[in-house]
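Q: Provided below: work.cif, containing mmCIF, C-alpha atoms.
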data_work
#
loop_
_atom_site.group_PDB
_atom_site.id
_atom_site.type_symbol
_atom_site.label_atom_id
_atom_site.label_comp_id
_atom_site.auth_asym_id
_atom_site.auth_seq_id
_atom_site.Cartn_x
_atom_site.Cartn_y
_atom_site.Cartn_z
ATOM 1 C CA MET A 12 286.273 88.406 202.189
ATOM 2 C CA SER A 13 289.175 86.140 203.051
ATOM 3 C CA GLY A 14 292.563 85.928 204.712
ATOM 4 C CA GLN A 15 294.247 86.071 201.288
ATOM 5 C CA GLU A 16 295.888 89.469 201.620
ATOM 6 C CA GLU A 17 297.416 88.581 204.994
ATOM 7 C CA PHE A 18 299.134 85.512 203.626
ATOM 8 C CA GLY A 19 300.230 86.861 200.263
ATOM 9 C CA ALA A 20 299.373 85.818 196.738
ATOM 10 C CA ALA A 21 301.787 82.867 196.722
ATOM 11 C CA GLU A 22 300.139 81.261 199.754
ATOM 12 C CA PRO A 23 296.974 79.222 199.368
ATOM 13 C CA GLN A 24 293.899 81.020 200.606
ATOM 14 C CA PRO A 25 293.512 79.946 204.261
ATOM 15 C CA TRP A 26 289.741 80.424 204.499
ATOM 16 C CA ILE A 27 286.784 81.736 202.526
ATOM 17 C CA ILE A 28 284.036 83.651 204.275
ATOM 18 C CA THR A 29 280.714 84.092 202.483
ATOM 19 C CA ARG A 30 277.241 85.173 203.498
ATOM 20 C CA GLN A 31 273.868 83.619 202.735
ATOM 21 C CA GLY A 32 271.224 85.906 204.206
ATOM 22 C CA SER A 33 271.850 86.099 207.924
ATOM 23 C CA VAL A 34 274.163 83.084 207.904
ATOM 24 C CA VAL A 35 277.914 83.585 207.623
ATOM 25 C CA VAL A 36 279.747 80.543 206.261
ATOM 26 C CA ALA A 37 283.478 80.273 206.931
ATOM 27 C CA GLU A 38 285.181 77.482 205.016
ATOM 28 C CA VAL A 39 288.630 76.850 206.442
ATOM 29 C CA ILE A 40 291.030 75.666 203.751
ATOM 30 C CA VAL A 41 294.212 75.120 205.774
ATOM 31 C CA ALA A 42 294.730 71.662 207.283
ATOM 32 C CA ARG A 43 296.567 72.870 210.394
ATOM 33 C CA LEU A 44 295.004 75.377 212.765
ATOM 34 C CA PHE A 45 298.024 75.382 215.071
ATOM 35 C CA ASP A 46 299.895 78.592 214.270
ATOM 36 C CA PRO A 47 298.901 81.296 216.807
ATOM 37 C CA MET A 48 299.081 83.970 214.084
ATOM 38 C CA VAL A 49 296.718 81.983 211.866
ATOM 39 C CA VAL A 50 294.367 81.418 214.813
ATOM 40 C CA ASP A 51 294.413 85.149 215.647
ATOM 41 C CA ARG A 52 293.785 86.097 212.016
ATOM 42 C CA LEU A 53 290.891 83.671 211.596
ATOM 43 C CA ASP A 54 289.376 84.831 214.878
ATOM 44 C CA HIS A 55 289.705 88.438 213.752
ATOM 45 C CA ASP A 56 288.121 87.760 210.341
ATOM 46 C CA LEU A 57 285.232 85.855 211.908
ATOM 47 C CA HIS A 58 284.498 88.653 214.352
ATOM 48 C CA ALA A 59 284.647 91.164 211.521
ATOM 49 C CA ALA A 60 282.262 89.126 209.374
ATOM 50 C CA VAL A 61 279.639 88.097 211.910
ATOM 51 C CA GLY A 62 277.121 90.801 212.784
ATOM 52 C CA ASP A 63 274.803 90.934 215.775
ATOM 53 C CA ASN A 64 271.981 89.218 213.903
ATOM 54 C CA ASP A 65 274.036 86.576 212.131
ATOM 55 C CA ASP A 66 274.509 82.863 212.650
ATOM 56 C CA LEU A 67 277.879 81.298 211.832
ATOM 57 C CA ILE A 68 278.725 77.989 210.167
ATOM 58 C CA LEU A 69 282.391 77.114 210.597
ATOM 59 C CA ASP A 70 283.219 74.454 208.018
ATOM 60 C CA LEU A 71 286.198 72.333 209.085
ATOM 61 C CA THR A 72 286.012 69.710 206.324
ATOM 62 C CA ARG A 73 289.635 70.324 205.291
ATOM 63 C CA VAL A 74 291.034 70.837 208.784
ATOM 64 C CA ARG A 75 293.038 67.955 210.210
ATOM 65 C CA TYR A 76 294.687 69.552 213.229
ATOM 66 C CA ILE A 77 293.372 72.158 215.636
ATOM 67 C CA SER A 78 294.937 73.764 218.707
ATOM 68 C CA SER A 79 293.326 74.231 222.105
ATOM 69 C CA ALA A 80 293.743 77.969 221.496
ATOM 70 C CA MET A 81 291.545 77.737 218.379
ATOM 71 C CA LEU A 82 289.011 75.636 220.283
ATOM 72 C CA GLY A 83 288.977 78.379 222.906
ATOM 73 C CA ARG A 84 288.264 81.013 220.252
ATOM 74 C CA MET A 85 285.424 78.872 218.939
ATOM 75 C CA VAL A 86 283.929 78.662 222.424
ATOM 76 C CA MET A 87 284.171 82.439 222.776
ATOM 77 C CA LEU A 88 282.386 82.902 219.454
ATOM 78 C CA TRP A 89 279.734 80.407 220.530
ATOM 79 C CA MET A 90 279.190 82.147 223.871
ATOM 80 C CA ALA A 91 279.014 85.587 222.261
ATOM 81 C CA ALA A 92 276.427 84.261 219.777
ATOM 82 C CA GLN A 93 274.422 82.698 222.605
ATOM 83 C CA THR A 94 274.101 86.025 224.349
ATOM 84 C CA ARG A 95 272.810 87.600 221.113
ATOM 85 C CA GLY A 96 270.348 84.758 220.642
ATOM 86 C CA ARG A 97 272.267 83.558 217.577
ATOM 87 C CA ARG A 98 274.072 80.305 216.804
ATOM 88 C CA VAL A 99 277.525 79.041 215.929
ATOM 89 C CA VAL A 100 277.619 75.542 214.445
ATOM 90 C CA LEU A 101 280.346 73.392 212.933
ATOM 91 C CA SER A 102 280.331 71.278 209.798
ATOM 92 C CA GLY A 103 282.629 68.675 208.255
ATOM 93 C CA VAL A 104 284.121 67.495 211.536
ATOM 94 C CA THR A 105 285.294 63.901 211.152
ATOM 95 C CA GLY A 106 288.014 61.488 212.243
ATOM 96 C CA THR A 107 290.643 62.691 214.668
ATOM 97 C CA LEU A 108 289.189 66.186 214.706
ATOM 98 C CA ALA A 109 285.876 64.817 215.989
ATOM 99 C CA GLU A 110 287.795 62.895 218.634
ATOM 100 C CA ILE A 111 289.626 66.051 219.741
ATOM 101 C CA LEU A 112 286.319 67.924 220.057
ATOM 102 C CA ARG A 113 284.963 65.043 222.135
ATOM 103 C CA ILE A 114 288.048 65.001 224.376
ATOM 104 C CA ALA A 115 287.806 68.761 224.878
ATOM 105 C CA GLY A 116 284.083 68.493 225.651
ATOM 106 C CA LEU A 117 283.050 70.826 222.828
ATOM 107 C CA HIS A 118 280.744 68.285 221.233
ATOM 108 C CA GLN A 119 278.375 68.877 224.176
ATOM 109 C CA ARG A 120 278.170 72.592 223.467
ATOM 110 C CA VAL A 121 278.529 73.263 219.765
ATOM 111 C CA HIS A 122 276.269 71.524 217.246
ATOM 112 C CA VAL A 123 278.151 69.597 214.579
ATOM 113 C CA HIS A 124 276.649 68.913 211.140
ATOM 114 C CA HIS A 125 277.813 66.649 208.360
ATOM 115 C CA ASP A 126 278.297 69.435 205.830
ATOM 116 C CA VAL A 127 277.442 73.072 205.161
ATOM 117 C CA ALA A 128 274.155 72.223 203.409
ATOM 118 C CA THR A 129 272.948 70.182 206.379
ATOM 119 C CA ALA A 130 274.008 72.923 208.786
ATOM 120 C CA MET A 131 272.236 75.529 206.688
ATOM 121 C CA ALA A 132 269.047 73.449 206.639
ATOM 122 C CA ALA A 133 269.190 72.940 210.413
ATOM 123 C CA LEU A 134 269.627 76.670 211.034
ATOM 124 C CA ALA A 135 266.759 77.490 208.666
ATOM 125 C CA GLU A 136 264.496 74.942 210.345
ATOM 126 C CA LYS A 137 265.136 76.356 213.814
ATOM 127 C CA SER A 138 264.564 79.908 212.576
ATOM 128 C CA THR A 139 261.035 79.122 211.390
ATOM 129 C CA MET B 232 288.096 89.545 222.227
ATOM 130 C CA ASN B 233 286.903 89.725 225.803
ATOM 131 C CA ALA B 234 285.081 92.934 224.958
ATOM 132 C CA MET B 235 282.573 90.855 222.991
ATOM 133 C CA LEU B 236 281.564 88.928 226.083
ATOM 134 C CA PRO B 237 278.942 90.305 228.403
ATOM 135 C CA PRO B 238 279.568 90.097 232.142
ATOM 136 C CA GLY B 239 279.149 86.556 233.396
ATOM 137 C CA ALA B 240 279.288 84.910 229.990
ATOM 138 C CA GLY B 241 282.300 82.859 231.139
ATOM 139 C CA ARG B 242 280.008 80.921 233.439
ATOM 140 C CA GLY B 243 278.802 78.955 230.426
ATOM 141 C CA GLU B 244 282.238 77.411 230.093
ATOM 142 C CA GLU B 245 282.458 75.464 233.336
ATOM 143 C CA PRO B 246 284.521 72.271 233.052
ATOM 144 C CA THR B 247 282.694 68.973 233.219
ATOM 145 C CA PRO B 248 283.196 66.798 236.352
ATOM 146 C CA ASN B 249 285.255 64.380 234.264
ATOM 147 C CA GLN B 250 287.573 67.162 233.152
ATOM 148 C CA VAL B 251 288.030 68.419 236.716
ATOM 149 C CA ALA B 252 288.742 64.856 237.878
ATOM 150 C CA LEU B 253 291.309 64.517 235.137
ATOM 151 C CA ILE B 254 293.175 67.615 236.288
ATOM 152 C CA GLU B 255 292.936 66.544 239.936
ATOM 153 C CA GLN B 256 294.524 63.223 239.029
ATOM 154 C CA LEU B 257 297.500 64.804 237.294
ATOM 155 C CA GLN B 258 300.749 63.339 238.536
ATOM 156 C CA ILE B 259 303.315 66.062 239.138
ATOM 157 C CA HIS B 260 306.570 64.587 240.424
ATOM 158 C CA ALA B 261 309.513 66.518 241.783
ATOM 159 C CA ASP B 262 312.100 64.156 240.324
ATOM 160 C CA ALA B 263 313.297 63.507 236.772
ATOM 161 C CA PRO B 264 311.272 61.198 234.528
ATOM 162 C CA PRO B 265 312.458 57.593 234.213
ATOM 163 C CA GLN B 266 314.438 56.929 231.045
ATOM 164 C CA ARG B 267 312.775 54.068 229.210
ATOM 165 C CA GLY B 268 315.082 51.854 227.122
ATOM 166 C CA THR B 269 317.031 53.857 224.544
ATOM 167 C CA ARG B 270 316.888 57.502 223.555
ATOM 168 C CA HIS B 271 315.988 57.553 219.847
ATOM 169 C CA LEU B 272 315.602 61.304 219.289
ATOM 170 C CA HIS B 273 316.779 64.433 221.034
ATOM 171 C CA LEU B 274 315.714 67.845 219.744
ATOM 172 C CA ASN B 275 316.626 71.170 221.304
ATOM 173 C CA PHE B 276 315.087 74.341 219.867
ATOM 174 C CA PRO B 277 314.441 78.020 220.713
ATOM 175 C CA SER B 278 311.092 79.034 222.187
ATOM 176 C CA ALA B 279 309.210 79.966 219.031
ATOM 177 C CA PHE B 280 306.171 78.421 217.406
ATOM 178 C CA ILE B 281 307.871 77.764 214.075
ATOM 179 C CA HIS B 282 310.653 75.671 215.682
ATOM 180 C CA GLY B 283 308.169 73.836 217.889
ATOM 181 C CA ASP B 284 305.969 73.016 214.917
ATOM 182 C CA ASP B 285 308.965 71.667 212.982
ATOM 183 C CA ALA B 286 309.865 69.497 215.971
ATOM 184 C CA VAL B 287 306.309 68.136 216.243
ATOM 185 C CA ARG B 288 306.247 67.246 212.543
ATOM 186 C CA LEU B 289 309.670 65.556 212.689
ATOM 187 C CA VAL B 290 308.935 63.472 215.793
ATOM 188 C CA ILE B 291 305.546 62.302 214.544
ATOM 189 C CA GLU B 292 306.894 61.539 211.071
ATOM 190 C CA ARG B 293 309.671 59.385 212.562
ATOM 191 C CA MET B 294 307.394 57.521 214.952
ATOM 192 C CA HIS B 295 304.940 56.806 212.135
ATOM 193 C CA SER B 296 307.690 55.732 209.727
ATOM 194 C CA TRP B 297 309.049 53.336 212.369
ATOM 195 C CA LEU B 298 305.497 51.898 212.705
ATOM 196 C CA TRP B 299 305.358 52.809 216.380
ATOM 197 C CA VAL B 300 302.020 54.563 215.861
ATOM 198 C CA THR B 301 299.186 54.130 213.352
ATOM 199 C CA ARG B 302 298.053 57.054 211.192
ATOM 200 C CA ASP B 303 295.123 57.773 213.532
ATOM 201 C CA GLN B 304 297.351 57.545 216.604
ATOM 202 C CA ALA B 305 299.859 59.840 214.889
ATOM 203 C CA ASP B 306 297.131 62.427 214.315
ATOM 204 C CA LEU B 307 296.019 62.303 217.942
ATOM 205 C CA LEU B 308 299.618 62.390 219.158
ATOM 206 C CA THR B 309 300.267 65.407 216.924
ATOM 207 C CA HIS B 310 297.615 67.292 218.911
ATOM 208 C CA ALA B 311 299.033 66.174 222.276
ATOM 209 C CA LEU B 312 302.637 66.956 221.338
ATOM 210 C CA HIS B 313 301.647 70.327 219.897
ATOM 211 C CA GLU B 314 299.945 71.256 223.185
ATOM 212 C CA ALA B 315 302.951 70.097 225.196
ATOM 213 C CA VAL B 316 305.363 72.102 223.051
ATOM 214 C CA VAL B 317 303.155 75.215 223.151
ATOM 215 C CA ASN B 318 302.926 74.918 226.940
ATOM 216 C CA ALA B 319 306.724 74.727 227.126
ATOM 217 C CA VAL B 320 307.207 77.715 224.811
ATOM 218 C CA VAL B 321 304.420 79.974 226.116
ATOM 219 C CA HIS B 322 303.875 79.074 229.766
ATOM 220 C CA GLY B 323 307.241 77.523 230.656
ATOM 221 C CA ASN B 324 309.756 79.678 228.789
ATOM 222 C CA ARG B 325 307.398 82.666 228.435
ATOM 223 C CA GLY B 326 308.243 82.898 224.747
ATOM 224 C CA HIS B 327 311.841 83.984 225.353
ATOM 225 C CA ILE B 328 313.496 83.015 222.089
ATOM 226 C CA GLY B 329 316.868 82.459 223.764
ATOM 227 C CA VAL B 330 315.467 79.883 226.164
ATOM 228 C CA MET B 331 315.422 76.365 224.790
ATOM 229 C CA VAL B 332 312.862 73.574 224.736
ATOM 230 C CA ASP B 333 313.990 69.948 224.833
ATOM 231 C CA VAL B 334 312.146 67.046 223.241
ATOM 232 C CA GLU B 335 313.410 63.515 223.800
ATOM 233 C CA LEU B 336 311.959 60.240 222.532
ATOM 234 C CA TRP B 337 312.713 57.198 224.653
ATOM 235 C CA ALA B 338 311.516 53.669 223.920
ATOM 236 C CA ASP B 339 311.958 50.041 224.796
ATOM 237 C CA GLY B 340 310.542 47.148 222.787
ATOM 238 C CA GLN B 341 306.970 47.774 223.889
ATOM 239 C CA HIS B 342 306.469 51.395 224.887
ATOM 240 C CA TRP B 343 307.582 54.895 223.960
ATOM 241 C CA ASP B 344 307.868 58.042 226.066
ATOM 242 C CA LEU B 345 308.159 61.619 224.838
ATOM 243 C CA HIS B 346 309.782 64.041 227.302
ATOM 244 C CA ILE B 347 309.098 67.731 226.638
ATOM 245 C CA SER B 348 311.056 70.036 228.931
ATOM 246 C CA ASP B 349 311.152 73.776 229.436
ATOM 247 C CA GLN B 350 313.229 75.953 231.735
ATOM 248 C CA GLY B 351 310.387 77.657 233.568
ATOM 249 C CA LYS B 352 309.353 77.401 237.191
ATOM 250 C CA GLY B 353 306.953 74.494 236.730
ATOM 251 C CA PHE B 354 303.431 74.401 238.093
ATOM 252 C CA THR B 355 301.283 72.829 240.787
ATOM 253 C CA GLN B 356 297.958 71.077 240.639
ATOM 254 C CA ARG B 357 296.391 74.236 242.043
ATOM 255 C CA ASP B 358 297.836 76.257 239.133
ATOM 256 C CA ALA B 359 296.354 73.750 236.688
ATOM 257 C CA LEU B 360 292.928 73.893 238.298
ATOM 258 C CA ARG B 361 293.031 77.685 238.345
ATOM 259 C CA ALA B 362 293.889 77.794 234.642
ATOM 260 C CA PHE B 363 291.135 75.313 233.987
ATOM 261 C CA ARG B 364 288.441 77.151 235.864
ATOM 262 C CA GLY B 365 289.486 80.675 235.010
ATOM 263 C CA ARG B 366 288.682 82.733 231.955
ATOM 264 C CA ARG B 367 292.101 81.875 230.530
ATOM 265 C CA ARG B 368 290.655 78.483 229.717
ATOM 266 C CA ASN B 369 288.715 80.143 226.943
ATOM 267 C CA LEU B 370 292.046 80.809 225.318
ATOM 268 C CA GLY B 371 293.194 77.260 225.730
ATOM 269 C CA SER B 372 295.040 76.859 229.037
ATOM 270 C CA GLY B 373 293.177 74.021 230.756
ATOM 271 C CA ARG B 374 291.871 72.564 227.540
ATOM 272 C CA GLY B 375 295.420 71.862 226.341
ATOM 273 C CA LEU B 376 295.955 69.602 229.355
ATOM 274 C CA VAL B 377 292.704 67.811 228.630
ATOM 275 C CA ILE B 378 293.727 67.220 225.024
ATOM 276 C CA MET B 379 297.090 65.847 226.146
ATOM 277 C CA ALA B 380 295.513 63.541 228.706
ATOM 278 C CA GLY B 381 292.851 62.308 226.299
ATOM 279 C CA SER B 382 295.198 61.689 223.381
ATOM 280 C CA VAL B 383 297.852 59.446 224.951
ATOM 281 C CA GLU B 384 297.921 56.391 227.227
ATOM 282 C CA ARG B 385 300.074 58.035 229.893
ATOM 283 C CA LEU B 386 300.556 61.647 230.968
ATOM 284 C CA THR B 387 302.858 62.556 233.845
ATOM 285 C CA PHE B 388 304.779 65.642 234.884
ATOM 286 C CA HIS B 389 308.279 65.743 236.369
ATOM 287 C CA HIS B 390 310.783 68.306 237.602
ATOM 288 C CA GLY B 391 307.868 70.019 239.348
ATOM 289 C CA GLY B 392 305.996 70.433 236.064
ATOM 290 C CA ARG B 393 308.898 71.534 233.867
ATOM 291 C CA THR B 394 308.939 68.199 232.031
ATOM 292 C CA VAL B 395 305.839 66.545 230.640
ATOM 293 C CA VAL B 396 305.939 62.897 229.604
ATOM 294 C CA LEU B 397 303.517 61.651 226.970
ATOM 295 C CA GLY B 398 303.544 57.854 226.814
ATOM 296 C CA GLY B 399 302.094 55.109 224.674
ATOM 297 C CA ARG B 400 302.466 51.582 223.434
ATOM 298 C CA ARG B 401 304.382 50.788 220.235
ATOM 299 C CA THR B 402 302.054 49.306 217.637
ATOM 300 C CA ASP B 403 304.928 47.266 216.158
ATOM 301 C CA GLY B 404 305.602 45.940 219.670
ATOM 302 C CA MET B 405 301.973 44.806 219.930
ATOM 303 C CA ARG B 406 302.239 42.982 216.591
ATOM 304 C CA ARG B 407 305.246 41.046 217.841
ATOM 305 C CA ASN B 408 303.207 39.582 220.713
#
Can the structure in the file be given as structure tokens, please?

A:
Amino acid sequence: MSGQEEFGAAEPQPWIITRQGSVVVAEVIVARLFDPMVVDRLDHDLHAAVGDNDDLILDLTRVRYISSAMLGRMVMLWMAAQTRGRRVVLSGVTGTLAEILRIAGLHQRVHVHHDVATAMAALAEKST
Amino acid sequence: MNAMLPPGAGRGEEPTPNQVALIEQLQIHADAPPQRGTRHLHLNFPSAFIHGDDAVRLVIERMHSWLWVTRDQADLLTHALHEAVVNAVVHGNRGHIGVMVDVELWADGQHWDLHISDQGKGFTQRDALRAFRGRRRNLGSGRGLVIMAGSVERLTFHHGGRTVVLGGRRTDGMRRN
């Protein structure tokens, strides 16, 4: 499942969403999460992919810029997961992106892991 | 989107005391912003994301190429300028394509100022706090202000909120000292 069809064959794939058991992993490929249409589409795809009993890892390794609107969507996803007793975590957040999360206060709410493997291990550990 | 949230879930998204203090300290002046030194850039574009994004890229590219900001500062400033432009397009001009947004870059030997102006009705501190505390914040309203304030040295509002000024120190100016 991906945003490929929305963006056309000539466009690079903006994100790849896969599933490993009850964990949905969304790897964002685009560097800029500014465009409101892209933010809406990603939000839509994440909601479509994540079921009631799923955790979500949002991998932002390749993302360099993110809008407050996208941060807001991430908070909504996180809050919705909280109420289901599930988790939303981030991976690959470094540099300026980490600074933006700190400025926006998200680092106090959403767990951030070095990479997808570390995030996966942390989720598995807490599930046992 | 809201349908996914149970009643009361928004309570988990209260702003921190620091973030509230930041909004309360916003300076919203009635008059025009001071014009620092020389105007180096003046862009005027319709209220649409694509034009705003082009403007952000151009301004940041120029400031970086002139060595006024480091790469890291340019990345942070990109976030701040993006939020300012989106505010102008969405909240100021209400997305009316025929209504223009102005971006001006002023600088003297030491500092730079970016003026981003819309043609809306401006806002008050109370409006900002309401956006910050309300559910709209989940979609970015108050958080955009926080990102702007946290990403630049100076943040002020003029013309009753219709012009935002993002300010910083030129890195080439610092090297000269």

Q: When the PyMOL selection byres ((chain A and resi 127) around 10) is applied to the structure above, which residues does it catch, written out as a list of chain:residue names?

A: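 Matching residues under the PyMOL selection byres ((chain A and resi 127) around 10) are A:Val36, A:Ala37, A:Glu38, A:Ile68, A:Leu69, A:Asp70, A:Leu71, A:Thr72, A:Val100, A:Leu101, A:Ser102, A:Gly103, A:His124, A:His125, A:Asp126, A:Ala128, A:Thr129, A:Ala130, A:Met131, A:Ala132, A:Ala133.
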
Q: Using all atoms listed in the file, determine which residues lie at most 8 Å from Ile378 in chain B, disregarding the query and same-chain residues fewer than 6 positions distant; provide the list as a list of chain:residue names.

A: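 Counting all atoms listed in the file, the residues come to A:Ser79, A:Ile111, A:Ile114, A:Ala115, B:His310, B:Ala311, B:Glu314.
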
Q: For the file shown, what are the residues hit by the PyMOL selection byres ((chain B and resi 387-402) around 9), laid out as a ChimeraX atom specification?

A: /B:257-264,298-301,308,311-312,315,319,323,333,338-355,379-380,383-386,403-407

Q: Please produce an output containing C-alpha atoms for each residue in the selection, written as an mmCIF file, in the frame of the given file.

A:
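Writing the result to result36.cif gives the following:
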data_model
loop_
_atom_site.group_PDB
_atom_site.id
_atom_site.type_symbol
_atom_site.label_atom_id
_atom_site.label_comp_id
_atom_site.auth_asym_id
_atom_site.auth_seq_id
_atom_site.Cartn_x
_atom_site.Cartn_y
_atom_site.Cartn_z
ATOM 1 C CA LEU B 257 297.500 64.804 237.294
ATOM 2 C CA GLN B 258 300.749 63.339 238.536
ATOM 3 C CA ILE B 259 303.315 66.062 239.138
ATOM 4 C CA HIS B 260 306.570 64.587 240.424
ATOM 5 C CA ALA B 261 309.513 66.518 241.783
ATOM 6 C CA ASP B 262 312.100 64.156 240.324
ATOM 7 C CA ALA B 263 313.297 63.507 236.772
ATOM 8 C CA PRO B 264 311.272 61.198 234.528
ATOM 9 C CA LEU B 298 305.497 51.898 212.705
ATOM 10 C CA TRP B 299 305.358 52.809 216.380
ATOM 11 C CA VAL B 300 302.020 54.563 215.861
ATOM 12 C CA THR B 301 299.186 54.130 213.352
ATOM 13 C CA LEU B 308 299.618 62.390 219.158
ATOM 14 C CA ALA B 311 299.033 66.174 222.276
ATOM 15 C CA LEU B 312 302.637 66.956 221.338
ATOM 16 C CA ALA B 315 302.951 70.097 225.196
ATOM 17 C CA ALA B 319 306.724 74.727 227.126
ATOM 18 C CA GLY B 323 307.241 77.523 230.656
ATOM 19 C CA ASP B 333 313.990 69.948 224.833
ATOM 20 C CA ALA B 338 311.516 53.669 223.920
ATOM 21 C CA ASP B 339 311.958 50.041 224.796
ATOM 22 C CA GLY B 340 310.542 47.148 222.787
ATOM 23 C CA GLN B 341 306.970 47.774 223.889
ATOM 24 C CA HIS B 342 306.469 51.395 224.887
ATOM 25 C CA TRP B 343 307.582 54.895 223.960
ATOM 26 C CA ASP B 344 307.868 58.042 226.066
ATOM 27 C CA LEU B 345 308.159 61.619 224.838
ATOM 28 C CA HIS B 346 309.782 64.041 227.302
ATOM 29 C CA ILE B 347 309.098 67.731 226.638
ATOM 30 C CA SER B 348 311.056 70.036 228.931
ATOM 31 C CA ASP B 349 311.152 73.776 229.436
ATOM 32 C CA GLN B 350 313.229 75.953 231.735
ATOM 33 C CA GLY B 351 310.387 77.657 233.568
ATOM 34 C CA LYS B 352 309.353 77.401 237.191
ATOM 35 C CA GLY B 353 306.953 74.494 236.730
ATOM 36 C CA PHE B 354 303.431 74.401 238.093
ATOM 37 C CA THR B 355 301.283 72.829 240.787
ATOM 38 C CA MET B 379 297.090 65.847 226.146
ATOM 39 C CA ALA B 380 295.513 63.541 228.706
ATOM 40 C CA VAL B 383 297.852 59.446 224.951
ATOM 41 C CA GLU B 384 297.921 56.391 227.227
ATOM 42 C CA ARG B 385 300.074 58.035 229.893
ATOM 43 C CA LEU B 386 300.556 61.647 230.968
ATOM 44 C CA ASP B 403 304.928 47.266 216.158
ATOM 45 C CA GLY B 404 305.602 45.940 219.670
ATOM 46 C CA MET B 405 301.973 44.806 219.930
ATOM 47 C CA ARG B 406 302.239 42.982 216.591
ATOM 48 C CA ARG B 407 305.246 41.046 217.841
#

Q: Give as number ranges by chain every residue, naming chains and numbers as the document does, that has an atom within 12 Å of (275.9, 86.1, 207.5), counting all atoms listed in the file.

A: A: 12, 28-37, 57-69, 97-99, 131, 134

Q: With 9 Å as the cut-off and only C-alpha atoms counted, what is the closest atom pair between each nearby residue of chain A and chain B? Distances in Å to one decimal, ordered by chain and number, as a Markdown table.

A:
| residue | atom | partner | partner_atom | distance |
| --- | --- | --- | --- | --- |
| A:Phe45 | CA | B:His313 | CA | 7.9 |
| A:Asp46 | CA | B:Phe280 | CA | 7.0 |
| A:Pro47 | CA | B:Phe280 | CA | 7.8 |
| A:Asp54 | CA | B:Met232 | CA | 8.8 |
| A:His55 | CA | B:Met232 | CA | 8.7 |
| A:His58 | CA | B:Met232 | CA | 8.7 |
| A:Arg75 | CA | B:Asp306 | CA | 8.0 |
| A:Tyr76 | CA | B:His310 | CA | 6.8 |
| A:Ile77 | CA | B:His310 | CA | 7.2 |
| A:Ser78 | CA | B:His310 | CA | 7.0 |
| A:Ser79 | CA | B:Gly371 | CA | 4.7 |
| A:Ala80 | CA | B:Gly371 | CA | 4.3 |
| A:Met81 | CA | B:Gly371 | CA | 7.5 |
| A:Leu82 | CA | B:Gly371 | CA | 7.1 |
| A:Gly83 | CA | B:Asn369 | CA | 4.4 |
| A:Arg84 | CA | B:Leu370 | CA | 6.3 |
| A:Met85 | CA | B:Asn369 | CA | 8.7 |
| A:Val86 | CA | B:Asn369 | CA | 6.7 |
| A:Met87 | CA | B:Asn369 | CA | 6.6 |
| A:Leu88 | CA | B:Met235 | CA | 8.7 |
| A:Met90 | CA | B:Ala240 | CA | 6.7 |
| A:Ala91 | CA | B:Leu236 | CA | 5.7 |
| A:Thr94 | CA | B:Pro237 | CA | 7.6 |
| A:Gly106 | CA | B:Asp303 | CA | 8.1 |
| A:Thr107 | CA | B:Leu307 | CA | 6.3 |
| A:Leu108 | CA | B:Leu307 | CA | 8.5 |
| A:Glu110 | CA | B:Leu307 | CA | 8.3 |
| A:Ile111 | CA | B:Ile378 | CA | 6.8 |
| A:Leu112 | CA | B:Ile378 | CA | 8.9 |
| A:Ile114 | CA | B:Gly381 | CA | 5.8 |
| A:Ala115 | CA | B:Ile378 | CA | 6.1 |
| A:Gly116 | CA | B:Thr247 | CA | 7.7 |

Q: Between B:Ala362, B:Leu272, B:Val290, B:Ala279, which is the closest to Gly326 in chain B once you count all atoms listed in the file?

A: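 Looking only at the distances to Gly326 in chain B, the closest residue turns out to be B:Ala279.
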
Q: I'd like the interatomic distance between CA of His322 in chain B and CA of Pro25 in chain A, to a tenth of an Å.

A: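 CA of Pro25 in chain A lies at a distance of 27.5 Å from CA of His322 in chain B.
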
Q: Hey, could you pull the box centre and edge lengths for range 276-295 of chain B, axis-aligned, 4 Å padding per side, all listed atoms, to one decimal in Å, as AutoDock Vina command-line options?

A:
--center_x 310.0 --center_y 68.4 --center_z 216.6 --size_x 18.1 --size_y 31.2 --size_z 19.1
